[in-house]
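The block underneath contains the structure these notes are about, expressed in structure tokens.
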Amino acid sequence: MIELLDSGPQDSYYNLLVQGFRAGQLNVKREVPPELARFSNSHHPAVRNLLWFGRHPVMDLSYYQGKLYLYFGITPALLLFWPYAALTGHYLLHKDAVVFFFSAGFLAGAGLLWAIWRRYFRETGVGVMAAGVIAFGLANFAPAILARCDVYEVAISCGYALTMLALVGIWGAVHDAWHRWRWLVAASLAYGLAVGARPSLLFGAVILLLPVLQAWREKRRVWPLLPAVSGPILLIGLGLMLYNALRFDDPLEFGQSYQLPSITIQQFSLYYFWFNFQICFLEPALWNDHFPFVHERALPALPRGYFDADHPFGVLTNIPLVWLALAVPLAWRSRPALAHSPLCWFLMAVGLLFGSSTMVLCLHSSMLIRYRVEYASPLLLLAVVGVFALESALAQRPLWLWLARCGWGLLLIFSVSFNLLARLDLQEEVYANIGAVLFQKGQVDEAIREYQKALEINPNDGRTHNNLGVALDDERRIPEAIDQYQQALRLNLDGAETRNNLGNALNQEGRTPEAISQFEQALRFKPDDAEFHDHLANALRQAGRMEEAMGQYELAFQIDPNYAAAHSDMGNVLVGLGRIPEAIEQYQQALGMRPDDAEIQNNLGVAFLRQGRLAEAILQFQEALRLKPDFTAARNNLAESQAMMRQKAGQK
């Protein structure tokens, strides 16, 4: 949710890149946060929090030699964001760009289907063609991807649109021998720009050679076509290499090596192939009787070194219409002349695009749903042509034709319905993610509303119930928070984080024995969590079980010696036991880790006050008020200390 974290469209990543270009630089127009230079490890908690929730988040930018770059493809900036800003004086939102690119890709694909139908399968009827267009537009994961549009989807949707336009160029090249070189120039230009948006599409450029091979088979002159095929894409490739060299001193480096946070995994490996193939093709969705009925299953165990995967919706199991791609050869059986027609060359290009996209994605270290439009779209083109071929082959057999229409009609309905319902499932995730971002930004009321929207779609999401509980807890709506935590636990019985949150809420309500029970159960699932031990210790202290509380604090220190909250909380226990010097030592250790914590400053002041060290106590209370001007307890303690100081001075 990068765009949501920004203050406006002018701060969206592609618009920051445009601002950089207009200022004569290749890096984005954003200052580098000083924390990046202070911490060499971008996985440090302070840096990760900055990356996601700082005043100007920089998650998923590339950081190299003191500058921030965009590793996502440059093409969308050149084709859309920069021209839009220049012509209108305004900046385009990422989500609007995604809609634009998907619309362009859909229109190009629909135009191809119309051309195929009109030239080769006119006898099948316009209704069949219209059904094919619907299938291509609504069954290729695009509806699901449109549920969450951000910088990631901009590059992917741009690549999708340009590959469809490249196929338009190839269609023209295989059908128009007289102007073949012009069509090839257009196809090469479109595909080169597609690689500029998504470098992973590079290997699919082999489809540009098919019209050349066709000309060779037809005994036509080939040499004039080679510059048309290679020229535009080669020039674009050289431009990309120069762009990379100027940014990262390496023509083959697009910026992922310097991505924030840093990623040290192997990007491509044969070891990932089978896992990705399962997710891409075989994994079924989870269907149940809760709207929107489609939900993702738990992921299979990730391969060693693998980065990330989501929504394991296999295309063969959830978009069964694609099986009709196997019916394409029926076109040659019913009309043998088609086996050597331009249609055959074009469909070979579509098949190669599908195969190359599938191969690259299955070797990658992540498999996210937004990637899948790259192989699903050409596969659906083939499937719709398979429907045309099936209709044509059975045109003289009415009963079989009727049965075939019932069959592919049901597959079409199922495939489109799955995509639309999966979109709602992702929409629930979007609402939940927006809620998390708003909560981190301190907009708690808005976060609660987003969590509630998510739960309206999927009331069985334990994580969202937990997060809603946290937000309600922050608003001091403790009984409501407890109810949300309990619902989360009913859905996820081993939710250690939820048990910890429930324990804190119960403790605030004075239900200390129940709180202790929840903390103990949380520790059974995560025995090495310093925070859980600290919270259990606080509940034990509230129950008067001081020795047990001290033991839990000690365990927290052993797990994480730098856990400031445990040192501060142990100081509170020691103050209660009258062991003031030890308490002061704990508070000072806590302040060494969290010097800007007004609560700890105040507690240390109270300890000094108990020792009669009035001047030191006053300094601590003043520091606490500097950090938190509305800190009532510190203000009262300061007033009391100053009064005691004046009284002591008067006695002298």
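FYI, nothing fancy with the structure tokens labels: chains A, B, ... in order, residues from 1 per chain, ligands from 1 as they appear.
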
Report as a Markdown table the residues of segment 570-618 of chain A within 7 Å of segment 543-565 of chain A, each with its shortest atom pair and distance in Å (one decimal), using only C-alpha atoms, ordered by chain and increasing residue number.
```
| residue | atom | partner | partner_atom | distance |
| --- | --- | --- | --- | --- |
| A:Met570 | CA | A:Tyr553 | CA | 6.4 |
| A:Ala590 | CA | A:Ala564 | CA | 4.5 |
| A:Met593 | CA | A:Ala564 | CA | 6.0 |
| A:Arg594 | CA | A:Ala564 | CA | 6.7 |
```

Just-selected residues, N, CA and C atoms written as a PDB file, in the first residue's frame:
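And here's out_37.pdb as it stands now:
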```pdb
ATOM      1  N   MET A 570      10.619  -3.811  35.596  1.00  0.00           N
ATOM      2  CA  MET A 570      11.285  -4.382  36.764  1.00  0.00           C
ATOM      3  C   MET A 570      11.644  -3.284  37.759  1.00  0.00           C
ATOM      4  N   ALA A 590      17.121   1.186  31.049  1.00  0.00           N
ATOM      5  CA  ALA A 590      16.032   1.355  30.094  1.00  0.00           C
ATOM      6  C   ALA A 590      16.194   2.646  29.296  1.00  0.00           C
ATOM      7  N   MET A 593      18.484   2.668  26.382  1.00  0.00           N
ATOM      8  CA  MET A 593      17.927   2.106  25.145  1.00  0.00           C
ATOM      9  C   MET A 593      16.811   2.969  24.576  1.00  0.00           C
ATOM     10  N   ARG A 594      16.067   3.651  25.454  1.00  0.00           N
ATOM     11  CA  ARG A 594      14.951   4.484  24.992  1.00  0.00           C
ATOM     12  C   ARG A 594      15.009   5.845  25.677  1.00  0.00           C
TER      13      ARG A 594
END
```

(message) Based on the backbone DSSP call, show me all residues of segment 186-323 of chain A assigned alpha helix (DSSP H), as an MDAnalysis selection string.
(response) chainID A and resid 186:197 210:217 225:248 273:277 315:318

- Task: Could you tell me, as a ChimeraX atom specification, which residues of segment 66-260 of chain A DSSP assigns to strand (DSSP E or B) when given the backbone?
- Result: /A:67-69,259

- Counting only C-alpha atoms, what is within 10 Å of Asp474 of chain A, bar same-chain residues fewer than 5 positions away, as an MDAnalysis selection string? chainID A and resid 439 442 444:445 468:469 481

Restricting the output to N, CA and C atoms, write the selected residues as a compact mmCIF listing (two decimals), in the first residue's frame.
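And here's selection_21.txt as it stands now:
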```
# COMPACT_ATOMS: atom_id res chain seq x y z
N PHE A 439 -3.71 2.77 11.12
CA PHE A 439 -3.42 2.62 12.54
C PHE A 439 -1.99 3.07 12.84
N GLY A 442 -1.60 6.68 13.10
CA GLY A 442 -2.31 7.31 14.19
C GLY A 442 -3.75 7.66 13.90
N VAL A 444 -6.71 6.21 14.12
CA VAL A 444 -7.26 4.98 14.67
C VAL A 444 -8.73 4.81 14.31
N ASP A 445 -9.52 5.87 14.37
CA ASP A 445 -10.95 5.76 14.02
C ASP A 445 -11.13 5.29 12.59
N LEU A 468 -8.36 -5.42 14.64
CA LEU A 468 -9.44 -4.55 15.10
C LEU A 468 -9.42 -4.44 16.61
N GLY A 469 -9.15 -5.57 17.29
CA GLY A 469 -9.04 -5.53 18.74
C GLY A 469 -7.95 -4.59 19.20
N ALA A 481 -12.65 -4.66 22.49
CA ALA A 481 -11.38 -5.26 22.08
C ALA A 481 -11.31 -6.72 22.53
```

- Write out as a list of chain:residue names which residues come within 10 Å of Leu574 of chain A when counting only C-alpha atoms, dropping same-chain ones fewer than 5 positions away. A:Met546, A:Met550, A:Ser568, A:Asp569, A:Arg579, A:Ile580, A:Pro581, A:Glu582, A:Ala583, A:Ile584, A:Gln586, A:Ala607

Could you write those residues out with C-alpha atoms, as a tab-separated table (two decimals), in the first residue's frame?
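Writing the result to result.tsv gives the following:
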```tsv
chain	number	residue	atom	x	y	z
A	546	MET	CA	6.30	-10.39	43.15
A	550	MET	CA	10.90	-10.97	39.06
A	568	SER	CA	11.50	-0.24	33.22
A	569	ASP	CA	8.81	-2.63	34.48
A	579	ARG	CA	14.78	-1.54	46.65
A	580	ILE	CA	15.31	1.95	45.24
A	581	PRO	CA	19.00	1.80	44.21
A	582	GLU	CA	18.33	-1.34	42.15
A	583	ALA	CA	15.25	0.31	40.63
A	584	ILE	CA	17.29	3.34	39.61
A	586	GLN	CA	17.01	-0.62	35.93
A	607	ALA	CA	12.84	6.84	42.37
```

**Q.** Residue nearest Ile116 of chain A among A:Ser62, A:Ser341, A:Asn637, A:Thr512 (counting only C-alpha atoms)
**A.**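 Selected residue with least distance to Ile116 of chain A: A:Ser341.
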
*Mind checking which residues fall within 10 Å of segment 296-307 of chain A, counting only C-alpha atoms, ignoring those fewer than 3 positions away in the same chain, and posting them as number ranges by chain?*
A: 263-269, 271-276, 278-279, 283-287, 310-313, 364-367, 422, 425-426

Item to complete: Write out as a PyMOL selection string the residues lying within 9 Å of Gly132 of chain A, counting only C-alpha atoms and excluding same-chain residues fewer than 5 positions away.
Response: chain A and resi 110+113+127+137+380-381+383-385+387-388+412

Atom CA of Gln518 of chain A sits from atom CA of Arg499 of chain A at a separation of 5.3 Å

Have a look at atom CA of His295 of chain A and atom CA of Val99 of chain A and let me know their distance in Å, one decimal.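 So the two atoms, atom CA of His295 of chain A and atom CA of Val99 of chain A, lie 24.3 Å apart.
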
Applying 12 Å and only C-alpha atoms, which residues near Asn466 of chain A remain after dropping the ones on its own chain fewer than 2 positions away? List them as a ChimeraX atom specification.
/A:432,435-436,448,451-452,455,459-464,468-473,480-492,495-502,505

**Message:** So the first atom is atom CA of Lys628 of chain A and the second is atom CA of Gln647 of chain A; what is the distance between them in Å, to one decimal place?
**Reply:**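 The value is 27.3 Å.
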
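Each of A:Ile233, A:Arg247, A:Leu577, A:Gln611 was compared to Val206 of chain A using only C-alpha atoms, and A:Ile233 turns out to be the nearest.
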
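Nearest residue to Asp150 of chain A, choosing from A:Pro9, A:Pro342, A:Pro292, A:Pro336 and counting only C-alpha atoms: A:Pro9.
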